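What follows is a set of notes on a single structure, which appears directly below.
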Amino acid sequence: MPILKTTFLPLLFSIPTKPKPLPHQLHPPPVCQNSSLTSPHPPTPVLQPHQPICQNSSLPTPPPPTSAYIHLPFCRRRCHYCDFPIVALGSSSLTPPTTTSATDDPRITNYVHLLLREISATPPASDPPLQTVFFGGGTPSLVPPHLVSSILDALCAKFGLSPLPEVSIEMDPGTFRAEKLRELIGVGVNRVSLGVQAFQEELLRSCGRAHGVREVEEAIGIVRSSGLENWSMDLISSLPHQTLGMWEESLRRAVDARPTHLSVYDLQVEQGTKFGQWYTQGEFPLPSETESARFYRTASEALSSVGYDHYEISSYCRDGFMCKHNLAYWQNKSFYAFGLGSASYVNGLRFSRPRSMREYTRYVEKLEGGALDHLENRAGDAGDRAMDVVMLSLRTAGGLDVRRLGREFGEGIALGVCEAFRPYVESGHVIVMDDKRRPLSPSGDDQRLSGEGENRREVAYIRLSDPDGFLLSNELISIAFGVISP
């Protein structure tokens, strides 16, 4: 899977508590902060004492989770950009495995049994059944279907599954055949996320991917012939030596494959990876920030022109095919998570599991013994939770509900964020919307974003424009954080 996923996107780490660029481990980072874009830099408004920043006593308890993320960390080998917690299986996994339990890798079997113990030892937060399950990794398609089935059975027994849950699994080209996909569908999988990343042999090699273009085409054929309508494809831009022509070709071939969902990520070079040793972000052979912005604009224009809805910074879909599981993240809903390095959000508490297998095993043992000393616990105060809401909402086309922000965290926050964004409304990077999410026409001195104007009641939502606002998302979200936690 790509380092920039969210996949999430599987959530592997907790949300930051300070104004800073979004962590790739939680969500795909804003594509780039293009220095060639001219935009105002207004000072953060100073809120008056009678405008409370947060109201801890009035914070609502988050509803119980209806989503679960399962981390299956196995890969054939580690990609050059990946810093996720994984287990590289090596040469034993270099050919698509059969589906019989007789050939199960004991490393996979032992891990799944440990994961089942964690699920069993986790107390349910409440009664509602799970509506989404996401198997992320790693390369979950290396896991035999009967073990995937055992995990789904455990989740159903512990938390319940809704009659028609969305069950997604990440699959890499070259790791499955038609028979395996049929078996996965048979045990309940109804959505596939295919990790293509690029359609150029040289780019796949330079990333350390274990598959080539031939395996990509075979995998696309298998998915399309399976009858599975709900499937997604992942692509990565800003790779070493990637040209605009290569990127346009990848987008064309992706569209030709007709997935109902596309996730388009911008490469982030992470310390501790091979790319981190070899390259510096924005320097050759990586694209410059200006070139990365052009990649992003090209994707937005190309995919929107053929009917894909750009519903989140890195996500596009056909009508009716948003990823329901990822929407739970963007809407700041509670969710369970299980497995190595994964992070949950339950009862207002975000906590991360250990990244090493030895420590994760100890964690499960302590959990079974009733000791809930999670790694990197963070219940979060009202300011943290307000920043979560702002950061996640502004990543989506639906935008930030400013009225709800005011009700839950104080009118001071809602007013401060609106005031800080006023120059960006005038520049076209921020869009104000009414209660039906219809854009409101900007005016010269827009009092609708000020506490001084009666017309402010017209503003129900604010969102970042596509693509210009999304390209400045790091900067704009940091400005909002400065209002919340000056």
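By convention here, the chains of the structure tokens are called A, B, ... in the order presented, each chain's residues are numbered starting at 1, and ligands are numbered starting at 1 in the order presented.
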
Practice prompt. Please report, as a ChimeraX atom specification, each residue of stretch 247-395 of chain A to which DSSP assigns alpha helix (DSSP H) when run on this structure's backbone.
Written response: /A:247-257,274-278,289-305,324-330,357-368,382-393

Write to file, as a compact mmCIF listing (two decimals), in the first residue's frame, the residues of the selection just made, with C-alpha atoms.
# COMPACT_ATOMS: atom_id res chain seq x y z
CA TRP A 247 1.25 10.97 -14.97
CA GLU A 248 -1.23 11.73 -17.74
CA GLU A 249 -0.75 8.22 -19.12
CA SER A 250 -1.39 6.67 -15.69
CA LEU A 251 -4.57 8.72 -15.31
CA ARG A 252 -5.77 7.70 -18.80
CA ARG A 253 -5.15 4.03 -18.19
CA ALA A 254 -6.78 4.23 -14.78
CA VAL A 255 -9.90 5.78 -16.30
CA ASP A 256 -9.90 3.14 -19.04
CA ALA A 257 -9.99 0.43 -16.34
CA LYS A 274 15.17 4.24 1.35
CA PHE A 275 13.66 7.28 -0.35
CA GLY A 276 14.45 9.25 2.80
CA GLN A 277 18.09 8.22 2.46
CA TRP A 278 18.30 8.92 -1.26
CA GLU A 289 6.55 21.90 -5.60
CA THR A 290 5.35 23.65 -8.74
CA GLU A 291 5.49 20.40 -10.71
CA SER A 292 3.70 18.52 -7.90
CA ALA A 293 0.94 21.13 -7.95
CA ARG A 294 0.64 20.64 -11.70
CA PHE A 295 0.26 16.87 -11.19
CA TYR A 296 -2.52 17.54 -8.69
CA ARG A 297 -4.34 19.97 -10.98
CA THR A 298 -4.01 17.53 -13.87
CA ALA A 299 -5.61 14.73 -11.85
CA SER A 300 -8.42 16.95 -10.62
CA GLU A 301 -9.22 18.19 -14.11
CA ALA A 302 -8.84 14.81 -15.86
CA LEU A 303 -10.94 12.83 -13.41
CA SER A 304 -13.62 15.46 -12.91
CA SER A 305 -14.03 15.82 -16.68
CA LYS A 324 -18.08 4.66 3.50
CA HIS A 325 -15.28 3.54 5.78
CA ASN A 326 -13.07 6.51 4.96
CA LEU A 327 -16.05 8.84 5.34
CA ALA A 328 -16.19 7.76 8.98
CA TYR A 329 -12.65 9.13 9.35
CA TRP A 330 -13.36 12.38 7.53
CA MET A 357 5.46 -7.49 16.87
CA ARG A 358 7.02 -8.27 20.24
CA GLU A 359 5.50 -5.20 21.88
CA TYR A 360 2.17 -5.77 20.15
CA THR A 361 2.09 -9.32 21.55
CA ARG A 362 2.71 -7.95 25.04
CA TYR A 363 -0.03 -5.38 24.49
CA VAL A 364 -2.55 -8.11 23.64
CA GLU A 365 -1.51 -10.11 26.70
CA LYS A 366 -2.01 -7.05 28.92
CA LEU A 367 -5.34 -6.36 27.27
CA GLU A 368 -6.46 -9.91 28.04
CA ALA A 382 -11.77 20.46 23.69
CA GLY A 383 -9.09 22.28 21.70
CA ASP A 384 -7.67 19.00 20.38
CA ARG A 385 -11.10 17.79 19.38
CA ALA A 386 -11.93 21.07 17.68
CA MET A 387 -8.71 20.83 15.66
CA ASP A 388 -9.62 17.27 14.68
CA VAL A 389 -13.01 18.42 13.40
CA VAL A 390 -11.56 21.34 11.43
CA MET A 391 -8.68 19.35 9.93
CA LEU A 392 -10.81 16.42 8.82
CA SER A 393 -13.78 18.46 7.57

Report as a Markdown table: every residue of stretch 333-447 of chain A with an atom at most 12 Å from stretch 459-483 of chain A, its closest pair of atoms, and their distance in Å to one decimal, counting only C-alpha atoms, with rows sorted by chain and ascending residue number.
| residue | atom | partner | partner_atom | distance |
| --- | --- | --- | --- | --- |
| A:Gly383 | CA | A:Phe481 | CA | 9.0 |
| A:Asp384 | CA | A:Phe481 | CA | 9.3 |
| A:Arg385 | CA | A:Phe481 | CA | 11.0 |
| A:Ala386 | CA | A:Phe481 | CA | 8.8 |
| A:Met387 | CA | A:Phe481 | CA | 6.1 |
| A:Asp388 | CA | A:Phe481 | CA | 9.5 |
| A:Val389 | CA | A:Phe481 | CA | 10.6 |
| A:Val390 | CA | A:Ile477 | CA | 7.3 |
| A:Met391 | CA | A:Ile477 | CA | 6.0 |
| A:Leu392 | CA | A:Ile477 | CA | 9.4 |
| A:Ser393 | CA | A:Arg463 | CA | 8.1 |
| A:Leu394 | CA | A:Arg463 | CA | 5.8 |
| A:Arg395 | CA | A:Phe470 | CA | 7.5 |
| A:Thr396 | CA | A:Arg463 | CA | 7.4 |
| A:Ala397 | CA | A:Arg463 | CA | 6.4 |
| A:Gly398 | CA | A:Arg463 | CA | 6.7 |
| A:Gly399 | CA | A:Arg463 | CA | 4.1 |
| A:Leu400 | CA | A:Tyr461 | CA | 5.3 |
| A:Asp401 | CA | A:Tyr461 | CA | 4.6 |
| A:Val402 | CA | A:Tyr461 | CA | 5.5 |
| A:Arg403 | CA | A:Ala460 | CA | 5.9 |
| A:Arg404 | CA | A:Ala460 | CA | 8.7 |
| A:Leu405 | CA | A:Tyr461 | CA | 9.9 |
| A:Gly406 | CA | A:Ala460 | CA | 10.6 |
| A:Gly412 | CA | A:Val483 | CA | 9.1 |
| A:Ile413 | CA | A:Val483 | CA | 6.9 |
| A:Ala414 | CA | A:Val483 | CA | 9.3 |
| A:Leu415 | CA | A:Val483 | CA | 9.4 |
| A:Gly416 | CA | A:Val483 | CA | 6.0 |
| A:Val417 | CA | A:Ala480 | CA | 5.5 |
| A:Cys418 | CA | A:Ile462 | CA | 8.3 |
| A:Glu419 | CA | A:Val483 | CA | 9.6 |
| A:Ala420 | CA | A:Ile479 | CA | 7.2 |
| A:Phe421 | CA | A:Leu476 | CA | 7.9 |
| A:Arg422 | CA | A:Ile462 | CA | 10.6 |
| A:Pro423 | CA | A:Leu476 | CA | 11.1 |
| A:Tyr424 | CA | A:Gly469 | CA | 8.6 |
| A:Val425 | CA | A:Leu464 | CA | 9.1 |
| A:Glu426 | CA | A:Ser465 | CA | 11.8 |
| A:Ser427 | CA | A:Gly469 | CA | 9.6 |
| A:Gly428 | CA | A:Ser465 | CA | 7.0 |
| A:His429 | CA | A:Gly469 | CA | 4.1 |
| A:Val430 | CA | A:Leu464 | CA | 4.6 |
| A:Ile431 | CA | A:Arg463 | CA | 5.3 |
| A:Val432 | CA | A:Ile462 | CA | 4.5 |
| A:Met433 | CA | A:Tyr461 | CA | 5.0 |
| A:Asp434 | CA | A:Ala460 | CA | 4.9 |
| A:Asp435 | CA | A:Ala460 | CA | 5.0 |
| A:Lys436 | CA | A:Ala460 | CA | 8.2 |
| A:Arg437 | CA | A:Tyr461 | CA | 6.6 |
| A:Arg438 | CA | A:Tyr461 | CA | 9.0 |
| A:Pro439 | CA | A:Ile462 | CA | 8.9 |
| A:Leu440 | CA | A:Val459 | CA | 8.0 |
| A:Ser441 | CA | A:Val459 | CA | 11.0 |
| A:Pro442 | CA | A:Val459 | CA | 11.3 |
| A:Asp446 | CA | A:Val459 | CA | 11.0 |
| A:Gln447 | CA | A:Val459 | CA | 10.4 |

Discussion item. Give me, as a list in words, all polymer residues having an atom no more than 9 Å from A:Val264, counting only C-alpha atoms and skipping those fewer than 2 positions away in the same chain.
Written reply: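 After dropping sequence-adjacent residues, the list is Gln197, Met233, Asp234, Leu235, Ile236, Ser237, Leu262, Asp266, Tyr296, Ala299, Ile313, Ser314, Ser315 and Tyr316 of chain A.
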
Discussion item. Nearest residue to A:Gly186 out of A:Ser149, A:Cys207, A:Gly174, A:Cys156, using only C-alpha atoms?
Written reply: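 Closest to A:Gly186 of all the choices is A:Ser149.
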
Discussion item. Ranking A:His80, A:Leu194, A:Leu244, A:Pro140 by minimum distance to A:Tyr279 and counting only C-alpha atoms, which one comes first?
Written reply: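 Answer, going by the shortest atom-to-atom distance: A:His80.
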
Practice prompt. Could you find all residues in stretch 197-384 of chain A that DSSP calls strand (DSSP E or B) from the backbone, and write them as a PyMOL selection string?
Written response: chain A and resi 197+231-237+261-266+309-312+315-317+335-338+343-346+349-352+375-378

Could you please take those selected residues and save N, CA, C and O atoms as a short mmCIF file (atom, residue, chain, number, x, y, z; two decimals), in the first residue's frame?
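So part11.cif came out as:
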data_model
loop_
_atom_site.label_atom_id
_atom_site.label_comp_id
_atom_site.auth_asym_id
_atom_site.auth_seq_id
_atom_site.Cartn_x
_atom_site.Cartn_y
_atom_site.Cartn_z
N GLN A 197 -0.47 2.16 -8.26
CA GLN A 197 0.53 3.21 -8.04
C GLN A 197 1.05 3.85 -9.31
O GLN A 197 1.21 5.06 -9.36
N TRP A 231 -15.03 -1.04 -6.62
CA TRP A 231 -13.59 -1.23 -6.46
C TRP A 231 -12.85 0.07 -6.75
O TRP A 231 -13.30 0.91 -7.50
N SER A 232 -11.71 0.20 -6.09
CA SER A 232 -10.92 1.42 -6.15
C SER A 232 -9.52 1.12 -6.67
O SER A 232 -9.04 -0.01 -6.60
N MET A 233 -8.87 2.15 -7.19
CA MET A 233 -7.49 2.04 -7.65
C MET A 233 -6.67 3.16 -7.01
O MET A 233 -7.12 4.30 -6.93
N ASP A 234 -5.45 2.81 -6.57
CA ASP A 234 -4.53 3.79 -5.99
C ASP A 234 -3.46 4.17 -7.00
O ASP A 234 -2.89 3.30 -7.67
N LEU A 235 -3.18 5.48 -7.08
CA LEU A 235 -2.08 5.99 -7.88
C LEU A 235 -1.25 6.95 -7.02
O LEU A 235 -1.78 7.59 -6.11
N ILE A 236 0.04 7.06 -7.33
CA ILE A 236 0.93 7.99 -6.61
C ILE A 236 1.56 8.95 -7.62
O ILE A 236 2.08 8.52 -8.66
N SER A 237 1.52 10.23 -7.31
CA SER A 237 2.20 11.24 -8.12
C SER A 237 3.46 11.72 -7.42
O SER A 237 3.69 11.41 -6.24
N HIS A 261 -13.91 4.06 -8.02
CA HIS A 261 -13.28 4.94 -7.03
C HIS A 261 -11.80 5.02 -7.37
O HIS A 261 -11.19 4.05 -7.82
N LEU A 262 -11.21 6.20 -7.19
CA LEU A 262 -9.77 6.39 -7.40
C LEU A 262 -9.21 7.18 -6.22
O LEU A 262 -9.80 8.18 -5.79
N SER A 263 -8.08 6.73 -5.70
CA SER A 263 -7.34 7.47 -4.68
C SER A 263 -6.02 7.90 -5.29
O SER A 263 -5.27 7.07 -5.81
N VAL A 264 -5.74 9.20 -5.24
CA VAL A 264 -4.57 9.78 -5.88
C VAL A 264 -3.74 10.48 -4.81
O VAL A 264 -4.17 11.48 -4.24
N TYR A 265 -2.55 9.95 -4.55
CA TYR A 265 -1.72 10.45 -3.46
C TYR A 265 -0.45 11.09 -3.99
O TYR A 265 0.11 10.67 -4.99
N ASP A 266 0.00 12.11 -3.28
CA ASP A 266 1.26 12.77 -3.60
C ASP A 266 2.34 12.20 -2.70
O ASP A 266 2.16 12.11 -1.49
N ASP A 309 -16.38 12.33 -8.97
CA ASP A 309 -16.63 13.37 -7.98
C ASP A 309 -15.42 13.46 -7.04
O ASP A 309 -15.04 12.47 -6.41
N HIS A 310 -14.81 14.65 -6.97
CA HIS A 310 -13.65 14.87 -6.12
C HIS A 310 -14.16 15.18 -4.70
O HIS A 310 -14.22 16.32 -4.28
N TYR A 311 -14.47 14.13 -3.94
CA TYR A 311 -15.19 14.34 -2.68
C TYR A 311 -14.27 14.51 -1.47
O TYR A 311 -14.74 14.87 -0.39
N GLU A 312 -12.98 14.26 -1.65
CA GLU A 312 -12.00 14.45 -0.58
C GLU A 312 -10.66 14.74 -1.24
O GLU A 312 -10.46 14.40 -2.41
N SER A 315 -9.38 11.76 -2.97
CA SER A 315 -10.34 10.71 -3.31
C SER A 315 -11.35 11.18 -4.35
O SER A 315 -11.90 12.27 -4.24
N TYR A 316 -11.59 10.29 -5.32
CA TYR A 316 -12.54 10.53 -6.40
C TYR A 316 -13.45 9.31 -6.53
O TYR A 316 -13.00 8.18 -6.31
N CYS A 317 -14.71 9.54 -6.89
CA CYS A 317 -15.61 8.39 -7.03
C CYS A 317 -16.69 8.66 -8.06
O CYS A 317 -17.02 9.81 -8.36
N PHE A 335 -14.18 4.84 15.77
CA PHE A 335 -13.91 3.61 15.04
C PHE A 335 -13.00 2.72 15.86
O PHE A 335 -12.17 3.18 16.63
N TYR A 336 -13.21 1.43 15.71
CA TYR A 336 -12.29 0.45 16.29
C TYR A 336 -11.10 0.26 15.35
O TYR A 336 -11.19 0.53 14.14
N ALA A 337 -10.00 -0.23 15.89
CA ALA A 337 -8.87 -0.64 15.06
C ALA A 337 -8.16 -1.78 15.78
O ALA A 337 -8.09 -1.81 17.02
N PHE A 338 -7.68 -2.72 15.01
CA PHE A 338 -7.02 -3.90 15.57
C PHE A 338 -5.79 -4.23 14.75
O PHE A 338 -5.78 -4.14 13.53
N ALA A 343 -4.46 2.54 15.13
CA ALA A 343 -4.95 3.50 16.12
C ALA A 343 -6.47 3.55 16.07
O ALA A 343 -7.07 3.58 15.00
N SER A 344 -7.09 3.55 17.25
CA SER A 344 -8.54 3.58 17.38
C SER A 344 -8.99 4.94 17.90
O SER A 344 -8.20 5.72 18.45
N TYR A 345 -10.27 5.19 17.75
CA TYR A 345 -10.90 6.37 18.34
C TYR A 345 -12.22 5.91 18.94
O TYR A 345 -13.22 5.74 18.24
N VAL A 346 -12.21 5.69 20.24
CA VAL A 346 -13.36 5.13 20.94
C VAL A 346 -13.62 5.93 22.21
O VAL A 346 -12.69 6.20 22.97
N LEU A 349 -11.35 8.77 22.99
CA LEU A 349 -9.94 8.46 23.25
C LEU A 349 -9.28 7.91 21.99
O LEU A 349 -9.75 6.96 21.39
N ARG A 350 -8.17 8.50 21.60
CA ARG A 350 -7.35 7.98 20.51
C ARG A 350 -6.16 7.25 21.12
O ARG A 350 -5.48 7.80 21.98
N PHE A 351 -5.95 6.04 20.68
CA PHE A 351 -4.78 5.33 21.18
C PHE A 351 -4.19 4.45 20.08
O PHE A 351 -4.89 3.96 19.21
N SER A 352 -2.86 4.30 20.14
CA SER A 352 -2.11 3.57 19.12
C SER A 352 -1.51 2.32 19.72
O SER A 352 -1.01 2.33 20.85
N LEU A 375 -0.45 2.57 24.14
CA LEU A 375 0.66 3.41 23.69
C LEU A 375 0.12 4.72 23.13
O LEU A 375 -0.83 4.73 22.35
N GLU A 376 0.70 5.84 23.52
CA GLU A 376 0.34 7.14 23.00
C GLU A 376 -1.14 7.46 23.20
O GLU A 376 -1.83 7.93 22.31
N ASN A 377 -1.65 7.17 24.41
CA ASN A 377 -3.04 7.51 24.69
C ASN A 377 -3.25 9.00 24.55
O ASN A 377 -2.42 9.80 24.92
N ARG A 378 -4.40 9.38 24.06
CA ARG A 378 -4.74 10.80 24.03
C ARG A 378 -6.25 10.98 24.03
O ARG A 378 -6.91 10.76 23.02
#
